[in-house]
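Below is one structure, written out as structure tokens, with a few remarks after it.
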Amino acid sequence: MTNQDEHKAGIGGMINPRRYGIERVAYLLMRLSGLGLLAYFIGHIYETSTILKGQVGWNEFLELTQTNAGHAILAIVIAMCVFHTVNGIRVMLGHGGVGVGKPARPDYPYIPASQNIRHKIGIYSAIILAAIAMMYGLAVMFGE
Amino acid sequence: MVESIEFDLIICGSGLAGLRAAIEAAKKNPKIKIGIVSKLQVMRSHSVSAEGGTAAVLFEDEGDTIESHIYDTVKGSDFLADQDVAEKLCVEMPKEIYQLDHWGMPWSRRKDGRIGQRNFGGYSFPRATYASDKVGFFLMQTLYDTCQKYENIEYLNEWFATSIIHDGRRFMGITAIELSTGNFYAIKGKALIIATGGAGRLYSFSTYALSSTPDGLDMAFRAGMALKDMEFVQFHPTGILPSGILITEGARGEGGYLLNNKGERFMKKYAAEKMELAPRDIVSRSMMTEMSEGRGFKHETGADCMKLDLRHLGDEKIKEKLGGIREISIKFSGLDPSQELLDVRPVAHYMMGGIHTDIDGATELQGVWAAGEAACNSVHGSNRLGANSTSECIVWGKITGNLAVEYIEKGIPPTPWPHHLVAAEEKRIYDGIFRGNGDVNPYEIRQELTDTMNDKAYVFRNEKTMVEGLKKIRQLKNETWKHVDDQAKEYNTNFSNVMELDSMFRVAEIVLIGAINRKESRGAHARTDYPKRDDSNFLHHTLAYYDPKEPIMKTHPVTITKYQPVERKY
Amino acid sequence: MRESIIMKIHYGTALAAVALVAVHILMRLTQGFAESLEYDSVIANYKFIPYAGMLEIILILLSIHGFNGLRVILLELKQGRTYEKAVSYGCVVAMIALIAYGSRTIIMVNTGMT
Amino acid sequence: MAQTSLAEENASIPLSSSQSITLRIARYNPEHDSAKKFMEFNVPYEKWTTVLEAILEVKKHFDHSVAVRYSCRQATCGSCGMIINGKPRLACFTKISELNSNVITVEPMNNFPIIRDLAVKFERLFDTHHKVKPYLIRDDTEITTNTKEFLQSPEELEQYIQFSNCIKCGLCNSACPTMATDSSFVGPQALAQAYRYVADSRDKGKDDRLKIIDDSHGIWRCHFAGSCSQVCPKGVDPAMGIQLLRGYMLGFRS
Ligand SMILES: Cc1cc2nc3c(=O)[nH]c(=O)nc-3n(C[C@H](O)[C@H](O)[C@H](O)COP(=O)(O)OP(=O)(O)OC[C@H]3O[C@@H](n4cnc5c(N)ncnc54)[C@H](O)[C@@H]3O)c2cc1C
Ligand code: HEM
Ligand code: SF4
Ligand code: F3S
Ligand code: FES
């Protein structure tokens, strides 16, 4: 069966962060930051390998990254890293059943206990911490 | 030629009765191929709407007795119940409650861990076994989920059965339309259990699911089986306005009051002892009397109604025991039962009548059983007690499932498949209904038909209105309404709606003729022109047989074992 | 391998990495970001066996975590036996390649083969 | 379009109602049409009118051929899930007045193949539900003796009753981001049911079920996005059930 036949929402539906609140935004950011970090990580391994080319090679490469664009990318990487880490810890706790609420008879109007304030705070802190870290990183890099 | 598929046992209808039968059959013989044919997706059957409870004697150690359950049932029936059948129900039921528990039914519990029961109308002991106020839903879930254990059950979701094929003596198969493709099939089988439920959508103000139409009954009727006691239609006292959705009797079982516009619990005038927990026929009549004597309320839709007061139960108790109706009243009527009075009015709720069967659910055609609301084994007589119907579905689901397998195991001599009957049915459907022309909107006709039933054969009836009603229905039937606009094959609900309408005429006619013929008041059948019960002339069941022109009406004796009819007082 | 084991590894590598990556980044910051990146200081770091060991562990942990994460995303994007096999093996191969490539740097610098 | 040709029938609707909305219905029959298209109808409504009633009104008076699944009209059968103004909801449990919009768009649920118009195929949901063994697992002789209940305290009941409310409407599966691309994922509906039975004090099938959902398209494909719980009309909270279930697998709970 093709995608069309199955009427799946597809990638657009998967990433659409607008309909289902902050949890869905966190889900999307987690994915993007994970992929971003992986990309950076691969790059980083390559980057560091230039050290084998001796001081000249290393400095050449370093120069490439020590540009404004390079700094900006690094700042984003810092943000991704902080968000991914903090949110990752939240997600891991959640996956283990921590802080997702206790089963109880639901009363109308139904408010899902798993979509609770603890996890929302976790998500917002991840975002805020990421922003702070990014700012700090920018300050350090551009401050010199 | 019409394509065909084959099962050993065909179960038509997947409500409580159908699923219970399937489990029993599947368990008894894992080699038997079972097909559940349902015009809905199997688990979506109307039974999910049952709310209040399932009657059974569980606490003999605390003073309940089977005997008392039997007597309550018989007395509730206004002595039209077959007493041996009532006995069977009450004796079998406790085991079934435990069996359901062992299959995972989330019965509400007492502090000591035992299964909880609540008070219900017409009983002398609180014996409605409950699961919050969603008993039907949870029962359906338990049975559907338990069916998943058995690999020999096949689900024909959304297959609309249209006719029963037989050779005049013995069952051979059915014909059905697969809705998703629109294909017409013959389904061959050795035995059939009809569990197509009630037909409460004959009435426009009804607690039933929109799918509860008489097509299953009509199918049996056209195949030559009798419909029994169709004039007895139960009106539940508390349908909420404007939707007609049920507010369970459990609301009164937990202590709710019915009030008139003077703020009185008017039931004290009509049933001093049981008050709001008198049987439904009595409460509904009392409400209608209050309204007609000017002590009712007017709902903003213009309908007359009475008030149901649950406020004194308190928010917590309502949430715990009546969560479903709390949801319903807040959502559909905008009223929180812990704060406000609910607007309620008697509403079509149950058909005591159905396909004529014996005590074991066997119909007059060899190889065909009927169970659940579609069947009339006369356990409820002229008025069913609340909570006795889910019980009936479970007990006769089990009995018929068992007997059908025994019948199949004995072996059935092969007979040539009657292709001509299938072809004739195909012609009836496709030439008569699908391609039939006319320019009257069938949906409007359906509305008129159900409004007519509501007007002319409601809680109180009389000769004049019913004769008018019958005339109107025959007139509607003769209009050129037969047209299906939608000519696509796939998921053609226009077509199935028209098929349903087609069956409604025949069954509505039987309800009215039976009611006109019964010149007495008994149970749910209350006639203003014959207000008294008349045991010397009418202590019998009504049977209706198919005839292309007009149904042939007969009578059938009532089985009385221990309890002689006396006047009913509550 | 059972999915639960893979995912336990996924979470485990993440947790272990939190601490180590923190150390790794802090090293950059405590030494002053720019200075820490000077050739000599980097070489010195690599020669310091415990630090080089830590880098190697981070490399392994994050490669496993990262490529498993990628595998998860790819598995969810599209289904089919061959596709899923390709994704799984592809990720393992990429992971091994990255570890090998990174380890080469660490070992060669550490043993002074530059 | 349809509503012009049937304009006179329109007049026969009881016009007690003062207000009306535009109902946009997605029409698509995969056997005949190349693409989904919308038809618009002007439908009168009262404050209690539900979207399902509005659709049936269209079916009755404007266009008999709208394909839609419905039965109980009281949010217990799970038939009428669809996307209403962008979100998966039950048509019979969504009042027009609460949508605060003059235009109401109804589309078939995502992540379910379309049969026609608003009706979708449920086979996969039924299969995944079947797969998690949704019944009490215990010794057969214990199950078939029927002389006594398995005792269960109200507190033990509370551990699973919430998950028992699932009406198999599929809204959760329609909202879940994993389901949007993964056609093999068991999905929140079935996972919540796996938890429902695992959490039942009468059940002994925990290990059995954990094994079933421990698969490359099993429970691990849930990322706690929570959309399932946000759309569930019955308060089931599948997201909670799934995480608690995973708690067993990660050794957080036993
Ligand atoms: C709102 C409400 C609340 C109730 N509450 C209680 C209660 O608390 N306690 C109690 O004891 N009783 C109660 N009842 C009564 C009880 O719910 C019903 O009598 C019972 O559920 C009927 O079950 P059934 O198995 O006979 O049929 P149903 O559940 O009605 O199922 C009928 C089945 O037949 C199928 N079908 C019909 N026609 C066809 C066809 N042509 N082709 C194929 N399939 C077809 C349908 O798809 C469906 O699966 C209540 C009833 C209502 C309306
Ligand atoms: C060091 C702290 C880190 C923590 C605590 C952490 C935690 C997690 C967790 C819990 C997940 C699972 C998310 C889910 O299933 O919903 C995850 C996914 C992922 N991680 Fe990390 N991670 C960390 C670092 C990294 C790094 C450095 C990379 C890059 C190499 C990375 C790449 C990924 C990827 C690609 C995914 C898959 C994304 C997804 O499925 O949503 N992670 N991480
Ligand atoms: S969990 Fe909720 S949304 Fe999902 S199928 Fe069940 S009732 Fe519907
Ligand atoms: S939306 Fe999907 S990702 Fe998990 S929490 Fe619900 S199943
Ligand atoms: S019609 Fe039953 S859930 Fe909406």
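In the structure tokens, each chain is lettered A, B, ... as it comes, each chain's residues begin at 1, and ligands are numbered from 1 in order of appearance.
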Go through chain A and flag each residue having an atom no more than 9 Å from ligand 4; for those, report the closest pair of atoms plus their distance in Å to one decimal, using only C-alpha atoms and all ligand atoms, ordered by chain and rising number, as CSV.
residue,atom,partner,partner_atom_place_in_ligand_line,distance
A:Arg24,CA,ligand 4,1 (S),8.5
A:Tyr27,CA,ligand 4,3 (S),8.4
A:Ser114,CA,ligand 4,5 (S),8.9
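If one restricts the calculation to only C-alpha atoms and all ligand atoms, the set of residues situated within 6 Å of ligand 3 consists of D:Cys166, D:Ile167, D:Lys168, D:Cys169, D:Gly170, D:Leu171, D:Cys172, D:Gln189, D:Cys232, D:Pro233, D:Lys234, D:Val236, D:Pro238.
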Let's have the selection written as an mmCIF file, in the first residue's frame, with C-alpha atoms.
data_model
loop_
_atom_site.group_PDB
_atom_site.id
_atom_site.type_symbol
_atom_site.label_atom_id
_atom_site.label_comp_id
_atom_site.auth_asym_id
_atom_site.auth_seq_id
_atom_site.Cartn_x
_atom_site.Cartn_y
_atom_site.Cartn_z
ATOM 1 C CA CYS D 166 -11.214 3.064 25.608
ATOM 2 C CA ILE D 167 -13.921 3.003 22.930
ATOM 3 C CA LYS D 168 -11.506 2.120 20.111
ATOM 4 C CA CYS D 169 -12.341 5.272 18.252
ATOM 5 C CA GLY D 170 -8.816 5.606 16.903
ATOM 6 C CA LEU D 171 -8.469 9.326 17.555
ATOM 7 C CA CYS D 172 -5.237 8.725 19.449
ATOM 8 C CA GLN D 189 -4.700 2.510 21.455
ATOM 9 C CA CYS D 232 -8.788 11.070 23.687
ATOM 10 C CA PRO D 233 -12.490 11.722 24.233
ATOM 11 C CA LYS D 234 -12.793 9.299 27.120
ATOM 12 C CA VAL D 236 -8.014 7.202 28.807
ATOM 13 C CA PRO D 238 -2.779 6.410 26.699
#
I need the residues in region 80-306 of chain B that are alpha helix (DSSP H) according to DSSP; give them as a ChimeraX atom specification. /B:83-102,135-147,215-222,250-253,267-270,280-292
Please, which residues have at least one atom within 6 Å of an atom of ligand 1, using only C-alpha atoms and all ligand atoms, listed as a CSV table (one decimal) with all heavy atoms, in the first residue's frame?
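Written file, pocket30.csv:
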chain,number,residue,atom,x,y,z
B,12,CYS,N,-25.5,-13.6,13.6
B,12,CYS,CA,-25.8,-12.3,12.9
B,12,CYS,C,-26.1,-11.3,14.0
B,12,CYS,O,-27.1,-11.5,14.8
B,12,CYS,CB,-27.0,-12.5,12.0
B,12,CYS,SG,-27.4,-11.1,11.0
B,13,GLY,N,-25.3,-10.4,14.2
B,13,GLY,CA,-25.4,-9.4,15.3
B,13,GLY,C,-24.3,-9.6,16.3
B,13,GLY,O,-24.0,-10.7,16.6
B,14,SER,N,-23.7,-8.5,16.7
B,14,SER,CA,-22.5,-8.6,17.6
B,14,SER,C,-22.7,-7.8,18.8
B,14,SER,O,-21.8,-7.2,19.3
B,14,SER,CB,-21.3,-8.1,16.8
B,14,SER,OG,-21.5,-6.8,16.4
B,15,GLY,N,-23.9,-7.7,19.3
B,15,GLY,CA,-24.1,-7.1,20.6
B,15,GLY,C,-23.8,-8.1,21.7
B,15,GLY,O,-23.0,-9.1,21.5
B,16,LEU,N,-24.3,-7.9,22.9
B,16,LEU,CA,-23.9,-8.8,24.0
B,16,LEU,C,-24.3,-10.2,23.7
B,16,LEU,O,-23.5,-11.2,23.9
B,16,LEU,CB,-24.6,-8.4,25.3
B,16,LEU,CG,-24.2,-7.0,25.9
B,16,LEU,CD1,-25.0,-6.6,27.0
B,16,LEU,CD2,-22.7,-7.2,26.3
B,17,ALA,N,-25.5,-10.4,23.1
B,17,ALA,CA,-26.0,-11.8,22.9
B,17,ALA,C,-25.1,-12.4,21.8
B,17,ALA,O,-24.6,-13.6,22.0
B,17,ALA,CB,-27.4,-11.7,22.4
B,18,GLY,N,-24.8,-11.7,20.7
B,18,GLY,CA,-24.0,-12.3,19.7
B,18,GLY,C,-22.6,-12.7,20.1
B,18,GLY,O,-22.1,-13.8,19.8
B,37,VAL,N,-21.5,-11.8,11.7
B,37,VAL,CA,-21.9,-10.9,10.7
B,37,VAL,C,-22.5,-9.7,11.4
B,37,VAL,O,-23.5,-9.9,12.1
B,37,VAL,CB,-22.9,-11.5,9.7
B,37,VAL,CG1,-23.3,-10.5,8.7
B,37,VAL,CG2,-22.2,-12.7,9.1
B,38,SER,N,-22.0,-8.5,11.2
B,38,SER,CA,-22.6,-7.4,11.9
B,38,SER,C,-22.7,-6.2,11.0
B,38,SER,O,-21.7,-5.9,10.3
B,38,SER,CB,-21.8,-7.0,13.1
B,38,SER,OG,-22.4,-5.9,13.8
B,39,LYS,N,-23.8,-5.4,11.0
B,39,LYS,CA,-23.8,-4.3,10.1
B,39,LYS,C,-23.0,-3.1,10.6
B,39,LYS,O,-22.8,-2.1,9.9
B,39,LYS,CB,-25.2,-3.9,9.8
B,39,LYS,CG,-26.0,-3.2,11.0
B,39,LYS,CD,-27.3,-2.7,10.5
B,39,LYS,CE,-28.1,-2.2,11.7
B,39,LYS,NZ,-29.4,-1.7,11.4
B,40,LEU,N,-22.5,-3.3,11.9
B,40,LEU,CA,-21.6,-2.3,12.4
B,40,LEU,C,-20.3,-3.0,12.6
B,40,LEU,O,-20.1,-4.2,12.4
B,40,LEU,CB,-22.1,-1.8,13.8
B,40,LEU,CG,-23.5,-1.2,13.9
B,40,LEU,CD1,-23.9,-1.0,15.3
B,40,LEU,CD2,-23.5,0.1,13.1
B,42,VAL,N,-17.9,-4.7,14.8
B,42,VAL,CA,-18.4,-5.6,15.8
B,42,VAL,C,-18.6,-5.0,17.2
B,42,VAL,O,-19.6,-5.1,17.8
B,42,VAL,CB,-17.5,-6.9,15.9
B,42,VAL,CG1,-17.7,-7.7,17.1
B,42,VAL,CG2,-17.7,-7.7,14.7
B,45,SER,N,-21.6,-2.2,18.6
B,45,SER,CA,-23.1,-2.5,18.7
B,45,SER,C,-23.8,-1.7,19.7
B,45,SER,O,-23.2,-1.2,20.7
B,45,SER,CB,-23.2,-4.0,19.0
B,45,SER,OG,-22.6,-4.7,18.0
B,46,HIS,N,-25.0,-1.6,19.5
B,46,HIS,CA,-25.8,-0.8,20.4
B,46,HIS,C,-25.7,-1.1,21.9
B,46,HIS,O,-25.8,-0.3,22.8
B,46,HIS,CB,-27.3,-0.9,20.1
B,46,HIS,CG,-28.2,-0.6,21.2
B,46,HIS,ND1,-28.4,0.7,21.6
B,46,HIS,CD2,-28.9,-1.4,22.0
B,46,HIS,CE1,-29.2,0.7,22.6
B,46,HIS,NE2,-29.5,-0.5,22.9
B,47,SER,N,-25.4,-2.4,22.2
B,47,SER,CA,-25.2,-2.8,23.6
B,47,SER,C,-24.3,-1.9,24.4
B,47,SER,O,-24.4,-1.8,25.6
B,47,SER,CB,-24.7,-4.2,23.7
B,47,SER,OG,-25.7,-5.1,23.3
B,49,SER,N,-24.3,1.0,24.9
B,49,SER,CA,-25.0,2.1,25.5
B,49,SER,C,-25.7,1.7,26.8
B,49,SER,O,-26.1,2.6,27.6
B,49,SER,CB,-26.1,2.7,24.6
B,49,SER,OG,-25.6,3.0,23.4
B,50,ALA,N,-25.8,0.5,27.1
B,50,ALA,CA,-26.4,0.1,28.4
B,50,ALA,C,-25.7,0.7,29.6
B,50,ALA,O,-24.5,0.7,29.6
B,50,ALA,CB,-26.5,-1.4,28.5
B,51,GLU,N,-26.4,1.2,30.5
B,51,GLU,CA,-25.7,1.9,31.5
B,51,GLU,C,-25.8,1.4,32.9
B,51,GLU,O,-24.8,1.2,33.6
B,51,GLU,CB,-26.4,3.4,31.6
B,51,GLU,CG,-26.1,4.1,30.3
B,51,GLU,CD,-26.9,5.5,30.3
B,51,GLU,OE1,-27.6,5.8,31.2
B,51,GLU,OE2,-26.7,6.2,29.3
B,52,GLY,N,-27.0,1.0,33.4
B,52,GLY,CA,-27.2,0.9,34.8
B,52,GLY,C,-26.7,-0.4,35.5
B,52,GLY,O,-26.1,-0.3,36.5
B,53,GLY,N,-27.0,-1.5,34.9
B,53,GLY,CA,-26.6,-2.7,35.6
B,53,GLY,C,-27.1,-4.0,35.0
B,53,GLY,O,-27.8,-4.0,34.0
B,54,THR,N,-26.7,-5.1,35.5
B,54,THR,CA,-27.0,-6.4,35.1
B,54,THR,C,-27.5,-7.2,36.3
B,54,THR,O,-26.8,-7.4,37.2
B,54,THR,CB,-25.8,-7.1,34.4
B,54,THR,OG1,-25.4,-6.3,33.3
B,54,THR,CG2,-26.1,-8.5,34.0
B,159,TRP,N,-21.1,-5.8,7.6
B,159,TRP,CA,-21.8,-6.6,6.6
B,159,TRP,C,-23.3,-6.5,6.9
B,159,TRP,O,-23.7,-6.9,8.1
B,159,TRP,CB,-21.4,-8.0,6.6
B,159,TRP,CG,-20.0,-8.3,6.0
B,159,TRP,CD1,-18.8,-7.7,6.3
B,159,TRP,CD2,-19.7,-9.2,4.9
B,159,TRP,NE1,-17.8,-8.2,5.6
B,159,TRP,CE2,-18.3,-9.1,4.7
B,159,TRP,CE3,-20.5,-10.1,4.2
B,159,TRP,CZ2,-17.7,-9.8,3.7
B,159,TRP,CZ3,-19.8,-10.8,3.2
B,159,TRP,CH2,-18.4,-10.7,3.0
B,160,PHE,N,-24.1,-6.1,6.0
B,160,PHE,CA,-25.5,-5.9,6.3
B,160,PHE,C,-26.2,-7.2,5.8
B,160,PHE,O,-26.3,-7.5,4.6
B,160,PHE,CB,-26.0,-4.7,5.5
B,160,PHE,CG,-27.3,-4.2,5.9
B,160,PHE,CD1,-27.5,-3.0,6.6
B,160,PHE,CD2,-28.5,-4.9,5.5
B,160,PHE,CE1,-28.7,-2.5,6.9
B,160,PHE,CE2,-29.7,-4.4,5.9
B,160,PHE,CZ,-29.9,-3.2,6.6
B,161,ALA,N,-26.8,-7.9,6.7
B,161,ALA,CA,-27.5,-9.2,6.4
B,161,ALA,C,-28.9,-8.8,5.8
B,161,ALA,O,-29.5,-7.9,6.4
B,161,ALA,CB,-27.6,-10.1,7.6
B,162,THR,N,-29.3,-9.5,4.8
B,162,THR,CA,-30.6,-9.1,4.2
B,162,THR,C,-31.6,-10.2,4.2
B,162,THR,O,-32.8,-9.9,4.2
B,162,THR,CB,-30.4,-8.6,2.7
B,162,THR,OG1,-30.0,-9.8,1.9
B,162,THR,CG2,-29.3,-7.6,2.5
B,195,ALA,N,-29.0,-12.3,16.5
B,195,ALA,CA,-28.8,-11.5,17.7
B,195,ALA,C,-28.7,-10.0,17.3
B,195,ALA,O,-27.8,-9.3,17.6
B,195,ALA,CB,-27.6,-11.9,18.5
B,196,THR,N,-29.7,-9.7,16.5
B,196,THR,CA,-29.7,-8.3,15.8
B,196,THR,C,-30.3,-7.2,16.7
B,196,THR,O,-30.4,-6.1,16.2
B,196,THR,CB,-30.4,-8.4,14.5
B,196,THR,OG1,-31.7,-8.9,14.7
B,196,THR,CG2,-29.6,-9.2,13.5
B,197,GLY,N,-30.6,-7.5,17.9
B,197,GLY,CA,-31.0,-6.5,18.9
B,197,GLY,C,-32.4,-5.9,18.6
B,197,GLY,O,-33.2,-6.4,17.8
B,198,GLY,N,-32.7,-4.9,19.3
B,198,GLY,CA,-34.0,-4.3,19.3
B,198,GLY,C,-34.2,-3.3,18.2
B,198,GLY,O,-33.3,-3.1,17.4
B,207,THR,N,-33.9,6.1,23.1
B,207,THR,CA,-32.5,6.0,23.7
B,207,THR,C,-31.6,5.2,22.9
B,207,THR,O,-30.4,5.1,23.2
B,207,THR,CB,-32.6,5.3,25.1
B,207,THR,OG1,-33.1,4.0,24.9
B,207,THR,CG2,-33.4,6.0,26.1
B,208,TYR,N,-32.1,4.5,21.9
B,208,TYR,CA,-31.3,3.6,21.1
B,208,TYR,C,-30.3,4.2,20.2
B,208,TYR,O,-30.4,5.4,19.8
B,208,TYR,CB,-32.2,2.8,20.2
B,208,TYR,CG,-33.0,1.7,20.8
B,208,TYR,CD1,-34.2,1.9,21.4
B,208,TYR,CD2,-32.6,0.4,20.7
B,208,TYR,CE1,-35.0,0.9,22.0
B,208,TYR,CE2,-33.4,-0.7,21.3
B,208,TYR,CZ,-34.6,-0.4,21.9
B,208,TYR,OH,-35.3,-1.4,22.4
B,215,ASP,N,-34.2,-4.3,10.9
B,215,ASP,CA,-33.9,-5.1,9.7
B,215,ASP,C,-33.6,-6.6,10.1
B,215,ASP,O,-34.0,-7.5,9.3
B,215,ASP,CB,-32.7,-4.5,8.9
B,215,ASP,CG,-31.8,-3.8,9.8
B,215,ASP,OD1,-32.2,-2.7,10.3
B,215,ASP,OD2,-30.7,-4.3,10.1
B,216,GLY,N,-33.1,-6.8,11.3
B,216,GLY,CA,-32.9,-8.2,11.7
B,216,GLY,C,-34.2,-8.9,11.9
B,216,GLY,O,-34.4,-10.1,11.5
B,246,LEU,N,-30.3,8.3,27.3
B,246,LEU,CA,-30.8,7.7,28.6
B,246,LEU,C,-30.1,8.3,29.8
B,246,LEU,O,-28.9,8.4,29.8
B,246,LEU,CB,-30.6,6.2,28.5
B,246,LEU,CG,-31.0,5.5,29.8
B,246,LEU,CD1,-32.5,5.4,29.9
B,246,LEU,CD2,-30.4,4.1,29.9
B,349,HIS,N,-37.4,2.7,24.7
B,349,HIS,CA,-36.1,2.1,25.3
B,349,HIS,C,-35.9,0.7,25.1
B,349,HIS,O,-34.8,0.2,25.1
B,349,HIS,CB,-36.2,2.4,26.8
B,349,HIS,CG,-35.0,2.0,27.5
B,349,HIS,ND1,-33.7,2.5,27.3
B,349,HIS,CD2,-34.8,1.0,28.4
B,349,HIS,CE1,-32.9,1.9,28.1
B,349,HIS,NE2,-33.5,1.0,28.8
B,372,GLY,N,-31.0,-12.5,22.8
B,372,GLY,CA,-30.9,-11.1,23.1
B,372,GLY,C,-32.2,-10.4,22.8
B,372,GLY,O,-33.3,-11.0,22.8
B,373,GLU,N,-32.1,-9.1,22.5
B,373,GLU,CA,-33.3,-8.3,22.4
B,373,GLU,C,-34.1,-8.7,21.1
B,373,GLU,O,-35.3,-8.5,21.1
B,373,GLU,CB,-32.9,-6.8,22.4
B,373,GLU,CG,-34.2,-5.9,22.6
B,373,GLU,CD,-33.8,-4.5,22.8
B,373,GLU,OE1,-32.7,-4.2,23.2
B,373,GLU,OE2,-34.7,-3.6,22.5
B,374,ALA,N,-33.4,-9.2,20.2
B,374,ALA,CA,-34.1,-9.6,18.9
B,374,ALA,C,-35.0,-10.8,19.2
B,374,ALA,O,-36.0,-11.0,18.5
B,374,ALA,CB,-33.1,-10.0,17.9
B,386,GLY,N,-35.6,-3.3,34.7
B,386,GLY,CA,-34.3,-2.8,34.4
B,386,GLY,C,-33.2,-3.8,34.7
B,386,GLY,O,-33.4,-4.6,35.7
B,387,ALA,N,-32.1,-3.8,34.0
B,387,ALA,CA,-31.0,-4.7,34.3
B,387,ALA,C,-31.2,-6.2,33.9
B,387,ALA,O,-30.3,-7.0,34.0
B,387,ALA,CB,-30.5,-4.6,35.8
B,388,ASN,N,-32.5,-6.5,33.6
B,388,ASN,CA,-32.7,-7.9,33.2
B,388,ASN,C,-32.4,-8.2,31.7
B,388,ASN,O,-32.4,-9.4,31.3
B,388,ASN,CB,-34.2,-8.2,33.4
B,388,ASN,CG,-34.4,-9.1,34.7
B,388,ASN,OD1,-33.4,-9.6,35.3
B,388,ASN,ND2,-35.6,-9.3,35.1
B,389,SER,N,-32.1,-7.2,31.0
B,389,SER,CA,-32.0,-7.4,29.6
B,389,SER,C,-30.5,-7.8,29.2
B,389,SER,O,-30.3,-8.7,28.4
B,389,SER,CB,-32.3,-6.1,28.8
B,389,SER,OG,-31.8,-6.2,27.5
B,390,THR,N,-29.6,-7.1,29.8
B,390,THR,CA,-28.2,-7.5,29.6
B,390,THR,C,-28.0,-8.9,30.1
B,390,THR,O,-27.4,-9.8,29.5
B,390,THR,CB,-27.2,-6.5,30.3
B,390,THR,OG1,-27.6,-6.3,31.6
B,390,THR,CG2,-27.1,-5.2,29.5
B,391,SER,N,-28.7,-9.2,31.2
B,391,SER,CA,-28.7,-10.6,31.7
B,391,SER,C,-29.2,-11.6,30.7
B,391,SER,O,-28.6,-12.6,30.4
B,391,SER,CB,-29.5,-10.7,33.0
B,391,SER,OG,-29.1,-9.8,34.0
B,393,CYS,N,-29.4,-11.3,27.5
B,393,CYS,CA,-28.4,-11.4,26.4
B,393,CYS,C,-27.3,-12.4,26.7
B,393,CYS,O,-27.0,-13.3,25.9
B,393,CYS,CB,-27.8,-10.1,26.0
B,393,CYS,SG,-28.9,-8.9,25.4
Select from region 4-248 of chain D everything DSSP, run on the backbone, classes as strand (DSSP E or B), then give the selection as an NGL selection string. :D and (19-27 or 37-45 or 50 or 81-84 or 87-90 or 95 or 103-107 or 114-116 or 119-120)
Close residues, Ile76 (chain A) itself excluded, 10 Å, only C-alpha atoms, min 3 positions apart in chain, as number ranges by chain: A: 33, 36-37, 70-73, 79-82, 130-131, 133-135, 137-138
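Closest to Met14 (chain A) among C:Ile6, C:Leu77, C:Leu15, C:Ile57 is C:Leu77, based on only C-alpha atoms.
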Given only C-alpha atoms as the basis, pick out the residue of B:Lys427, B:His380, B:Arg568, B:Lys307 nearest to Gln234 (chain B).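 Looking at the shortest contact to Gln234 (chain B), the residue is B:His380.
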Show me, as a compact mmCIF listing (two decimals) with C-alpha atoms, in the first residue's frame, the residues that have an atom within 9 Å of region 37-50 of chain D when counting only C-alpha atoms, minus same-chain residues fewer than 4 positions from it.
# COMPACT_ATOMS: atom_id res chain seq x y z
CA PRO B 242 -33.32 17.36 23.93
CA SER B 243 -31.33 14.33 22.73
CA LYS B 331 -22.15 17.75 27.33
CA PHE B 332 -25.47 17.27 25.62
CA SER B 333 -27.79 19.30 27.83
CA GLY B 334 -25.43 21.73 29.47
CA MET D 1 -23.67 21.77 -6.40
CA ALA D 2 -25.99 19.62 -4.40
CA GLN D 3 -27.54 22.27 -2.21
CA ILE D 13 -36.31 21.83 7.80
CA LEU D 15 -36.52 26.64 10.96
CA SER D 16 -36.78 27.26 14.66
CA SER D 17 -33.09 27.81 14.57
CA SER D 18 -31.74 31.29 14.28
CA GLN D 19 -28.16 30.46 13.36
CA SER D 20 -26.38 28.54 10.70
CA ILE D 21 -22.85 27.56 9.80
CA THR D 22 -21.01 26.44 6.74
CA LEU D 23 -20.15 22.79 6.92
CA ARG D 24 -17.34 21.69 4.63
CA ILE D 25 -17.26 17.97 4.09
CA ALA D 26 -14.31 16.20 2.50
CA ARG D 27 -15.50 13.94 -0.30
CA TYR D 28 -13.35 11.22 -1.73
CA ALA D 54 -25.14 18.53 11.23
CA ILE D 55 -23.62 15.91 8.92
CA GLU D 57 -28.80 16.86 8.40
CA VAL D 58 -26.81 17.24 5.20
CA PHE D 62 -28.92 17.97 0.75
CA ALA D 91 -18.42 14.12 15.68
CA CYS D 92 -21.16 13.17 18.12
CA PHE D 93 -19.22 14.61 21.03
CA THR D 94 -18.37 17.94 19.46
CA LYS D 95 -20.97 20.64 19.59
CA ILE D 96 -21.01 23.21 16.84
CA SER D 97 -21.40 25.95 19.42
CA GLU D 98 -18.17 25.02 21.15
CA THR D 105 -14.44 21.48 8.12
CA GLU D 107 -12.23 15.30 7.06
